[in-house]
$ cat my_file.pdb   # PDB, C-alpha atoms and all ligand atoms
ATOM      1  CA  MET A   1     121.732 190.745 102.082
ATOM      2  CA  GLY A   2     120.042 193.983 101.079
ATOM      3  CA  PHE A   3     121.814 196.846  99.334
ATOM      4  CA  LEU A   4     121.595 199.036 102.468
ATOM      5  CA  THR A   5     122.969 196.451 104.879
ATOM      6  CA  ASP A   6     124.425 198.146 107.979
ATOM      7  CA  LYS A   7     123.690 201.661 106.739
ATOM      8  CA  ARG A   8     122.344 203.918 109.473
ATOM      9  CA  ALA A   9     119.379 206.014 108.320
ATOM     10  CA  LEU A  10     117.680 208.894 110.142
ATOM     11  CA  ILE A  11     114.137 209.289 108.800
ATOM     12  CA  THR A  12     111.967 212.353 109.457
ATOM     13  CA  GLY A  13     108.351 212.976 108.472
ATOM     14  CA  ILE A  14     106.394 209.890 109.527
ATOM     15  CA  ALA A  15     102.888 210.918 110.630
ATOM     16  CA  SER A  16     100.903 207.812 109.610
ATOM     17  CA  ASN A  17     101.257 204.534 107.743
ATOM     18  CA  ARG A  18     100.339 206.451 104.578
ATOM     19  CA  SER A  19     103.252 208.892 104.932
ATOM     20  CA  ILE A  20     105.817 208.813 102.144
ATOM     21  CA  ALA A  21     108.440 208.576 104.929
ATOM     22  CA  TRP A  22     106.715 205.361 106.122
ATOM     23  CA  GLY A  23     107.171 203.859 102.633
ATOM     24  CA  ILE A  24     110.804 204.955 102.686
ATOM     25  CA  ALA A  25     111.399 203.468 106.159
ATOM     26  CA  GLN A  26     109.877 200.181 105.041
ATOM     27  CA  ALA A  27     111.914 200.001 101.825
ATOM     28  CA  MET A  28     115.157 200.933 103.597
ATOM     29  CA  SER A  29     114.479 198.436 106.369
ATOM     30  CA  ASN A  30     113.773 195.726 103.730
ATOM     31  CA  GLN A  31     117.211 196.446 102.267
ATOM     32  CA  GLY A  32     118.906 195.930 105.624
ATOM     33  CA  ALA A  33     119.265 199.523 106.853
ATOM     34  CA  ARG A  34     119.326 200.365 110.575
ATOM     35  CA  LEU A  35     116.721 203.042 111.298
ATOM     36  CA  ALA A  36     116.081 205.947 113.643
ATOM     37  CA  LEU A  37     112.786 207.841 113.336
ATOM     38  CA  THR A  38     111.864 211.370 114.357
ATOM     39  CA  TYR A  39     108.458 212.760 115.306
ATOM     40  CA  GLN A  40     107.270 216.365 115.075
ATOM     41  CA  ASN A  41     105.462 216.606 118.414
ATOM     42  CA  GLU A  42     104.146 214.700 121.435
ATOM     43  CA  LYS A  43     100.861 213.980 119.655
ATOM     44  CA  LEU A  44     102.699 211.953 117.006
ATOM     45  CA  ARG A  45     105.125 210.293 119.428
ATOM     46  CA  PRO A  46     103.071 207.137 120.300
ATOM     47  CA  ARG A  47     102.371 206.424 116.626
ATOM     48  CA  VAL A  48     105.981 206.822 115.606
ATOM     49  CA  GLU A  49     107.063 204.636 118.534
ATOM     50  CA  LYS A  50     104.709 201.912 117.289
ATOM     51  CA  PHE A  51     106.107 202.150 113.731
ATOM     52  CA  ALA A  52     109.635 202.089 115.166
ATOM     53  CA  GLN A  53     108.888 198.724 116.794
ATOM     54  CA  GLU A  54     107.468 197.357 113.542
ATOM     55  CA  PHE A  55     110.584 198.421 111.583
ATOM     56  CA  ASN A  56     112.965 197.341 114.370
ATOM     57  CA  ALA A  57     114.181 200.947 114.488
ATOM     58  CA  GLU A  58     116.917 201.495 117.068
ATOM     59  CA  PHE A  59     115.554 204.720 118.545
ATOM     60  CA  VAL A  60     113.047 207.545 118.113
ATOM     61  CA  ALA A  61     113.619 211.220 118.914
ATOM     62  CA  PRO A  62     111.617 214.447 118.711
ATOM     63  CA  CYS A  63     112.369 217.107 116.110
ATOM     64  CA  ASP A  64     110.264 220.114 115.199
ATOM     65  CA  VAL A  65     112.397 221.749 112.506
ATOM     66  CA  THR A  66     111.184 225.275 113.309
ATOM     67  CA  THR A  67     113.405 225.239 116.422
ATOM     68  CA  ASP A  68     117.214 225.290 116.086
ATOM     69  CA  SER A  69     117.664 223.822 119.561
ATOM     70  CA  GLN A  70     115.546 220.758 118.663
ATOM     71  CA  ILE A  71     117.766 220.112 115.620
ATOM     72  CA  ASP A  72     120.866 220.497 117.846
ATOM     73  CA  THR A  73     119.433 218.160 120.481
ATOM     74  CA  LEU A  74     118.537 215.577 117.815
ATOM     75  CA  GLN A  75     122.078 215.775 116.418
ATOM     76  CA  GLU A  76     123.503 215.222 119.905
ATOM     77  CA  SER A  77     121.344 212.162 120.549
ATOM     78  CA  VAL A  78     122.150 210.605 117.147
ATOM     79  CA  GLN A  79     125.844 211.316 117.809
ATOM     80  CA  GLU A  80     125.559 209.619 121.190
ATOM     81  CA  LYS A  81     123.651 206.575 119.894
ATOM     82  CA  TRP A  82     125.456 205.963 116.598
ATOM     83  CA  SER A  83     128.451 208.355 116.267
ATOM     84  CA  ASP A  84     128.389 207.724 112.473
ATOM     85  CA  LEU A  85     125.496 208.304 110.098
ATOM     86  CA  ASP A  86     124.967 207.298 106.437
ATOM     87  CA  ILE A  87     121.511 208.558 105.407
ATOM     88  CA  VAL A  88     119.174 211.424 106.308
ATOM     89  CA  VAL A  89     115.660 211.546 104.827
ATOM     90  CA  HIS A  90     113.823 214.891 104.946
ATOM     91  CA  SER A  91     110.111 214.301 104.312
ATOM     92  CA  ILE A  92     108.668 217.499 105.768
ATOM     93  CA  ALA A  93     106.538 220.276 104.323
ATOM     94  CA  PHE A  94     104.128 222.804 105.742
ATOM     95  CA  ALA A  95     102.247 225.946 104.742
ATOM     96  CA  PRO A  96      99.321 227.421 106.694
ATOM     97  CA  ARG A  97      96.152 225.803 105.322
ATOM     98  CA  GLU A  98      94.678 229.090 104.083
ATOM     99  CA  GLN A  99      97.719 229.398 101.765
ATOM    100  CA  LEU A 100      96.608 226.281  99.878
ATOM    101  CA  GLU A 101      93.247 227.651  98.735
ATOM    102  CA  GLY A 102      92.191 229.927  95.894
ATOM    103  CA  MET A 103      94.416 231.993  93.624
ATOM    104  CA  TYR A 104      98.061 232.400  94.619
ATOM    105  CA  LEU A 105      97.964 236.202  94.746
ATOM    106  CA  ASP A 106      94.800 236.223  96.851
ATOM    107  CA  ALA A 107      96.291 233.783  99.361
ATOM    108  CA  VAL A 108      99.949 234.703  99.720
ATOM    109  CA  ASN A 109     101.160 236.929 102.540
ATOM    110  CA  ARG A 110     104.511 237.527 104.248
ATOM    111  CA  GLU A 111     103.901 235.182 107.167
ATOM    112  CA  GLY A 112     102.605 232.299 105.037
ATOM    113  CA  PHE A 113     105.489 232.739 102.617
ATOM    114  CA  ASN A 114     108.075 232.744 105.391
ATOM    115  CA  GLN A 115     106.611 229.761 107.231
ATOM    116  CA  ALA A 116     106.346 227.645 104.058
ATOM    117  CA  HIS A 117     109.941 228.412 103.104
ATOM    118  CA  ASP A 118     111.263 227.951 106.641
ATOM    119  CA  ILE A 119     109.691 224.533 107.269
ATOM    120  CA  SER A 120     109.721 223.150 103.726
ATOM    121  CA  SER A 121     113.107 224.373 102.441
ATOM    122  CA  TYR A 122     115.382 225.998 105.039
ATOM    123  CA  SER A 123     114.999 222.994 107.351
ATOM    124  CA  PHE A 124     116.688 220.809 104.720
ATOM    125  CA  SER A 125     119.845 223.005 104.819
ATOM    126  CA  ALA A 126     119.703 223.014 108.606
ATOM    127  CA  LEU A 127     119.670 219.193 108.709
ATOM    128  CA  ALA A 128     122.417 218.986 106.060
ATOM    129  CA  ARG A 129     124.645 221.336 108.045
ATOM    130  CA  SER A 130     123.964 219.600 111.325
ATOM    131  CA  PHE A 131     124.315 215.954 110.216
ATOM    132  CA  SER A 132     126.953 216.031 107.444
ATOM    133  CA  PRO A 133     129.846 216.125 109.983
ATOM    134  CA  MET A 134     128.612 212.719 111.247
ATOM    135  CA  MET A 135     128.951 211.118 107.803
ATOM    136  CA  HIS A 136     132.492 209.869 108.221
ATOM    137  CA  ASN A 137     132.822 207.046 105.771
ATOM    138  CA  GLY A 138     132.806 209.213 102.645
ATOM    139  CA  ASN A 139     129.551 208.077 101.101
ATOM    140  CA  GLY A 140     126.769 209.716 103.074
ATOM    141  CA  SER A 141     123.516 210.694 101.463
ATOM    142  CA  PHE A 142     120.707 213.212 101.978
ATOM    143  CA  LEU A 143     117.279 212.882 100.397
ATOM    144  CA  THR A 144     114.245 215.159 100.327
ATOM    145  CA  LEU A 145     110.760 215.014  98.770
ATOM    146  CA  THR A 146     109.486 217.541  96.267
ATOM    147  CA  TYR A 147     106.539 217.995  93.908
ATOM    148  CA  LEU A 148     106.035 219.118  90.288
ATOM    149  CA  GLY A 149     104.353 222.277  91.638
ATOM    150  CA  ALA A 150     107.930 223.585  91.975
ATOM    151  CA  MET A 151     108.299 223.641  88.176
ATOM    152  CA  ARG A 152     104.729 224.232  86.966
ATOM    153  CA  SER A 153     101.937 226.302  88.473
ATOM    154  CA  MET A 154      99.194 224.158  89.996
ATOM    155  CA  PRO A 155      95.821 225.398  91.287
ATOM    156  CA  GLY A 156      95.957 225.741  95.070
ATOM    157  CA  TYR A 157      99.541 224.591  95.564
ATOM    158  CA  ASN A 158     100.421 228.284  95.670
ATOM    159  CA  VAL A 159     103.260 229.283  98.020
ATOM    160  CA  MET A 160     104.194 225.586  98.498
ATOM    161  CA  GLY A 161     105.269 225.656  94.831
ATOM    162  CA  LEU A 162     107.693 228.486  95.562
ATOM    163  CA  ALA A 163     108.968 226.668  98.660
ATOM    164  CA  LYS A 164     109.516 223.465  96.626
ATOM    165  CA  ALA A 165     111.372 225.479  93.942
ATOM    166  CA  SER A 166     113.598 226.754  96.752
ATOM    167  CA  LEU A 167     113.989 223.212  98.097
ATOM    168  CA  GLU A 168     115.090 221.940  94.664
ATOM    169  CA  ALA A 169     117.717 224.705  94.409
ATOM    170  CA  ASN A 170     118.684 223.798  97.981
ATOM    171  CA  VAL A 171     119.412 220.236  96.785
ATOM    172  CA  ARG A 172     121.815 221.568  94.133
ATOM    173  CA  TYR A 173     123.595 223.953  96.536
ATOM    174  CA  CYS A 174     123.892 221.325  99.288
ATOM    175  CA  ALA A 175     125.250 218.866  96.693
ATOM    176  CA  GLN A 176     127.882 221.471  95.756
ATOM    177  CA  SER A 177     128.731 222.144  99.423
ATOM    178  CA  LEU A 178     129.089 218.496 100.431
ATOM    179  CA  GLY A 179     130.428 216.850  97.273
ATOM    180  CA  ASN A 180     134.060 217.132  98.334
ATOM    181  CA  GLN A 181     133.231 215.005 101.387
ATOM    182  CA  GLY A 182     131.707 212.305  99.181
ATOM    183  CA  ILE A 183     128.225 213.201 100.460
ATOM    184  CA  ARG A 184     125.412 213.079  97.899
ATOM    185  CA  VAL A 185     122.223 215.167  97.988
ATOM    186  CA  ASN A 186     119.132 214.352  95.930
ATOM    187  CA  ALA A 187     115.350 214.742  95.791
ATOM    188  CA  ILE A 188     112.474 212.607  94.629
ATOM    189  CA  SER A 189     109.649 214.454  92.929
ATOM    190  CA  ALA A 190     106.683 212.217  93.701
ATOM    191  CA  GLY A 191     103.326 212.134  91.942
ATOM    192  CA  PRO A 192     100.260 212.958  94.076
ATOM    193  CA  ILE A 193      99.605 210.389  96.829
ATOM    194  CA  ARG A 194      96.755 210.337  99.385
ATOM    195  CA  THR A 195      98.632 211.139 102.600
ATOM    196  CA  LEU A 196      97.669 213.415 105.515
ATOM    197  CA  ALA A 197      99.420 216.282 103.698
ATOM    198  CA  ALA A 198      97.195 215.684 100.663
ATOM    199  CA  SER A 199      93.942 215.326 102.602
ATOM    200  CA  GLY A 200      91.269 217.991 102.566
ATOM    201  CA  ILE A 201      92.806 219.612  99.485
ATOM    202  CA  ARG A 202      90.100 220.989  97.208
ATOM    203  CA  GLY A 203      90.129 219.335  93.771
ATOM    204  CA  MET A 204      92.478 216.511  94.805
ATOM    205  CA  LYS A 205      90.115 213.893  93.316
ATOM    206  CA  SER A 206      90.025 215.535  89.871
ATOM    207  CA  MET A 207      93.801 216.113  89.978
ATOM    208  CA  MET A 208      94.367 212.409  90.702
ATOM    209  CA  ASP A 209      91.945 211.412  87.908
ATOM    210  CA  TYR A 210      93.676 213.692  85.404
ATOM    211  CA  TYR A 211      97.055 212.370  86.497
ATOM    212  CA  GLU A 212      95.926 208.778  85.937
ATOM    213  CA  LYS A 213      94.707 209.649  82.432
ATOM    214  CA  MET A 214      97.778 211.670  81.481
ATOM    215  CA  SER A 215     100.654 209.606  82.871
ATOM    216  CA  PRO A 216     102.259 207.007  80.595
ATOM    217  CA  LEU A 217     101.781 204.309  83.249
ATOM    218  CA  GLY A 218      98.097 205.210  83.460
ATOM    219  CA  ARG A 219      97.944 205.039  87.255
ATOM    220  CA  GLY A 220      99.089 206.769  90.408
ATOM    221  CA  VAL A 221     102.300 205.909  92.253
ATOM    222  CA  THR A 222     102.521 204.337  95.714
ATOM    223  CA  ILE A 223     104.600 205.068  98.790
ATOM    224  CA  GLU A 224     106.244 201.653  98.196
ATOM    225  CA  GLU A 225     107.442 202.834  94.764
ATOM    226  CA  VAL A 226     108.734 206.109  96.189
ATOM    227  CA  GLY A 227     110.343 204.113  99.030
ATOM    228  CA  ASN A 228     112.183 201.805  96.656
ATOM    229  CA  ALA A 229     113.533 204.722  94.602
ATOM    230  CA  ALA A 230     114.600 206.408  97.856
ATOM    231  CA  ALA A 231     116.409 203.268  99.030
ATOM    232  CA  PHE A 232     118.273 203.113  95.708
ATOM    233  CA  LEU A 233     119.214 206.826  95.722
ATOM    234  CA  CYS A 234     120.607 206.568  99.261
ATOM    235  CA  SER A 235     122.573 203.398  98.492
ATOM    236  CA  ASP A 236     126.025 202.884  97.017
ATOM    237  CA  LEU A 237     124.274 201.762  93.817
ATOM    238  CA  ALA A 238     123.629 205.478  93.195
ATOM    239  CA  SER A 239     127.206 206.580  93.994
ATOM    240  CA  GLY A 240     127.412 208.708  90.833
ATOM    241  CA  ILE A 241     124.146 210.604  91.400
ATOM    242  CA  THR A 242     124.022 213.933  93.252
ATOM    243  CA  GLY A 243     122.234 217.285  92.912
ATOM    244  CA  GLU A 244     119.469 215.440  91.078
ATOM    245  CA  ILE A 245     115.659 215.637  91.125
ATOM    246  CA  VAL A 246     114.336 212.159  90.244
ATOM    247  CA  TYR A 247     110.672 211.953  89.189
ATOM    248  CA  VAL A 248     108.705 209.025  90.621
ATOM    249  CA  ASP A 249     105.419 209.976  89.008
ATOM    250  CA  GLY A 250     104.547 207.321  86.430
ATOM    251  CA  GLY A 251     106.023 209.640  83.789
ATOM    252  CA  PHE A 252     103.398 212.383  84.231
ATOM    253  CA  ASN A 253     105.963 215.198  83.988
ATOM    254  CA  SER A 254     107.284 213.944  80.661
ATOM    255  CA  VAL A 255     104.019 214.093  78.771
ATOM    256  CA  GLY A 256     102.472 216.886  76.686
ATOM    257  CA  PHE A 257      99.224 215.074  75.954
ATOM    258  CA  SER A 258      98.107 211.479  76.273
ATOM    259  CA  GLN A 259      96.279 208.965  74.109
ATOM    260  CA  ALA A 260      93.782 208.404  76.916
ATOM    261  CA  MET A 261      92.693 212.059  76.781
ATOM    262  CA  LEU A 262      91.773 211.955  73.049
TER     263      LEU A 262
HETATM  264  P1  LIG A 301     102.591 213.499 105.697
HETATM  265  O1  LIG A 301     101.565 214.428 106.242
HETATM  266  O2  LIG A 301     102.462 212.077 106.007
HETATM  267  O3  LIG A 301     104.051 213.998 106.090
HETATM  268  C1  LIG A 301     104.378 215.345 106.296
HETATM  269  C2  LIG A 301     105.271 215.372 107.512
HETATM  270  O4  LIG A 301     105.793 216.683 107.748
HETATM  271  C3  LIG A 301     104.550 214.949 108.799
HETATM  272  O5  LIG A 301     105.149 213.799 109.332
HETATM  273  C4  LIG A 301     104.728 216.142 109.716
HETATM  274  O6  LIG A 301     104.918 215.743 111.060
HETATM  275  C5  LIG A 301     105.982 216.767 109.136
HETATM  276  N1  LIG A 301     106.168 218.162 109.558
HETATM  277  C6  LIG A 301     105.400 219.243 109.254
HETATM  278  N2  LIG A 301     105.868 220.337 109.908
HETATM  279  C7  LIG A 301     106.950 219.931 110.624
HETATM  280  C8  LIG A 301     107.842 220.575 111.518
HETATM  281  N3  LIG A 301     107.713 221.887 111.828
HETATM  282  N4  LIG A 301     108.859 219.854 112.078
HETATM  283  C9  LIG A 301     108.981 218.532 111.796
HETATM  284  N5  LIG A 301     108.151 217.856 110.970
HETATM  285  C10 LIG A 301     107.149 218.552 110.395
HETATM  286  O7  LIG A 301     102.543 213.748 104.105
HETATM  287  P2  LIG A 301     103.514 213.247 102.926
HETATM  288  O8  LIG A 301     102.704 213.397 101.697
HETATM  289  O9  LIG A 301     104.132 211.968 103.267
HETATM  290  O10 LIG A 301     104.628 214.398 102.891
HETATM  291  C11 LIG A 301     106.009 214.148 102.970
HETATM  292  C12 LIG A 301     106.778 214.964 101.936
HETATM  293  O11 LIG A 301     106.423 214.515 100.626
HETATM  294  C13 LIG A 301     106.475 216.458 101.962
HETATM  295  O12 LIG A 301     107.674 217.182 101.732
HETATM  296  C14 LIG A 301     105.551 216.632 100.768
HETATM  297  O13 LIG A 301     105.606 217.934 100.250
HETATM  298  C15 LIG A 301     106.161 215.633  99.826
HETATM  299  N6  LIG A 301     105.313 215.233  98.684
HETATM  300  C16 LIG A 301     104.049 214.752  98.900
HETATM  301  C17 LIG A 301     103.259 214.371  97.804
HETATM  302  C18 LIG A 301     101.860 213.874  98.004
HETATM  303  O14 LIG A 301     101.062 213.941  97.078
HETATM  304  N7  LIG A 301     101.503 213.341  99.166
HETATM  305  C19 LIG A 301     103.771 214.478  96.505
HETATM  306  C20 LIG A 301     105.075 214.965  96.336
HETATM  307  C21 LIG A 301     105.832 215.345  97.427
HETATM  308  O1  LIG A 302     103.416 218.982  99.276
HETATM  309  C1  LIG A 302     102.249 218.663  99.346
HETATM  310  C2  LIG A 302     101.383 219.148 100.481
HETATM  311  C3  LIG A 302     102.155 219.806 101.578
HETATM  312  C4  LIG A 302     101.306 220.480 102.621
HETATM  313  C5  LIG A 302     100.041 220.029 103.004
HETATM  314  C6  LIG A 302      99.320 220.704 103.994
HETATM  315  C7  LIG A 302      97.941 220.312 104.411
HETATM  316  C8  LIG A 302      97.652 220.715 105.841
HETATM  317  C9  LIG A 302     101.810 221.615 103.215
HETATM  318  N1  LIG A 302     101.134 222.294 104.179
HETATM  319  C10 LIG A 302      99.918 221.848 104.576
HETATM  320  N2  LIG A 302      99.261 222.550 105.556
HETATM  321  C11 LIG A 302      98.144 222.093 106.170
HETATM  322  O2  LIG A 302      97.569 222.771 107.029
HETATM  323  N3  LIG A 302     101.721 217.879  98.337
HETATM  324  C12 LIG A 302     102.542 217.595  97.174
HETATM  325  C13 LIG A 302     100.342 217.356  98.337
HETATM  326  C14 LIG A 302      99.483 218.350  97.604
HETATM  327  O3  LIG A 302      99.041 219.455  98.211
HETATM  328  C15 LIG A 302      98.332 220.188  97.280
HETATM  329  C16 LIG A 302      98.355 219.512  96.044
HETATM  330  C17 LIG A 302      99.103 218.330  96.245
HETATM  331  C18 LIG A 302      99.416 217.290  95.230
HETATM  332  C19 LIG A 302      97.697 221.417  97.413
HETATM  333  C20 LIG A 302      97.037 221.963  96.303
HETATM  334  C21 LIG A 302      97.072 221.301  95.079
HETATM  335  C22 LIG A 302      97.722 220.068  94.936
END
$ encode --input "my_file.pdb" --output "C-alpha cells"
Amino acid sequence: MGFLTDKRALITGIASNRSIAWGIAQAMSNQGARLALTYQNEKLRPRVEKFAQEFNAEFVAPCDVTTDSQIDTLQESVQEKWSDLDIVVHSIAFAPREQLEGMYLDAVNREGFNQAHDISSYSFSALARSFSPMMHNGNGSFLTLTYLGAMRSMPGYNVMGLAKASLEANVRYCAQSLGNQGIRVNAISAGPIRTLAASGIRGMKSMMDYYEKMSPLGRGVTIEEVGNAAAFLCSDLASGITGEIVYVDGGFNSVGFSQAML
C-alpha cells in the first residue's frame, strides 16, 4: 500500500521520459495514485499516450494552457471521468527562445514578458480556479515547479526568472484562497536537470558543473528525486504544508561557498 493509494492525480507537462512531470507520474504511480495525463498538442499526443499505458493512467486529454476553452474542456472531461480529484501537478513553463539569450535588458520585450508570465504563472491560477471545485474530500493538493532563478539573477534565465517569481507568489496567494477548503498549494524548486526545457541553453554545461561543485551533496538531482518529493507533498503525509517552496536541489541554494571550490 503506497501513501497515495486511490488518490486521483492530474499531471500536466510530460513531453518526454526526461520530463520532471514523467518523474512525478512515476513516483505517484509507485505510491498507488490513479493518474490522468495531459499533452500540449497533437505532436506530443502519441508519446503521452504511450507513457499513459506504461503508468496504467486512466485517460489522457489535450490541454494547451494559453486557451481558456481548452482548460474548460479538460475540466469537463475530468469531471465526467472521475467527478472527484485529489491532485493537480502543473509542470509547464515557456518563454520565446530569444528571451533566454544574452543580457536581460537586451532580450526582454512586452510580448516575451507577457507570454512567459501567461504560460508559466497565470496558467497555474487558471488550473487552480478550474479544478479546486472538484476537490471534494477536503484534502486536495496543487503542485507546481519553479527554479532558483526566481530568487537570484541567473545569466540567460532572464524573463523566466520574473515569471517564476510571479509563480512563487501565485503559490502563496492560491494557498490563501483555497486553505479554507482544506486544499494545499506548494511548489518544488528543482536544481537544473537535462530535460527538453533545459536543452540548447547556452552555458548549461558550466552551470551544471558549478552546481555539482557548490552543492552540499556534490551532485545534480534527478527527476526521480523531484518525483518522490512531489509525491510526498501531494500526500496526506504533508497535510500541514501549504504556501511553501521546497528546494530539491542538493542544498545548492543554502550555500555561500563550498569546500570543493577552494
Ligand atoms: P519539459 O520540456 O519536459 O516540460 C515542459 C512542459 O511544458 C512540456 O511538457 C510542454 O509541453 C509544456 N508546455 C509548454 N507550453 C505549454 C502550453 N502552452 N500548454 C501546455 N503545456 C505547455 O521540461 P521540464 O524541465 O520537465 O519542465 C517542467 C517544469 O519544471 C517547468 O515549469 C520548468 O520551469 C521547471 N523546472 C525545470 C528545471 C530544469 O532544470 N529542467 C529546473 C527547475 C524547474
Ligand atoms: O525553467 C526552465 C526552462 C524553461 C523554458 C525552456 C525553454 C527552452 C525552449 C522556458 N521556455 C523555453 N523556450 C524555448 O523555446 N529551467 C529551469 C531550465 C533552465 O533554463 C535556463 C536555465 C535553466 C536551469 C535558461 C538559462 C539559464 C539557465
$ atom_distance --input "my_file.pdb" --atom1 "atom CA of Ser132 of chain A" --atom2 "atom CA of Thr12 of chain A"
15.6 Å
$ closest_residue --input "my_file.pdb" --among "A:Arg110, A:Arg129, A:His90, A:Lys81" --to "Ile183 of chain A" --atoms "all atoms listed in the file"
A:Arg129
$ atom_distance --input "my_file.pdb" --atom1 "atom CA of Ala15 of chain A" --atom2 "atom N2 of ligand LIG 302 (chain A)"
13.2 Å
$ residues_near_ligand --input "my_file.pdb" --ligand "ligand LIG 301 (chain A)" --cutoff "8 Å" --atoms "all atoms listed in the file" --output "ChimeraX atom specification"
/A:12-22,39-41,44,63-66,90-94,119-120,144-148,160,164,188-198
$ resolve_selection --input "my_file.pdb" --expression "the PyMOL selection byres (((chain A and resi 231-235) around 7) and not hetatm)" --output "PyMOL selection string"
chain A and resi 3-4+24+27-28+87+141+227-230+236-238
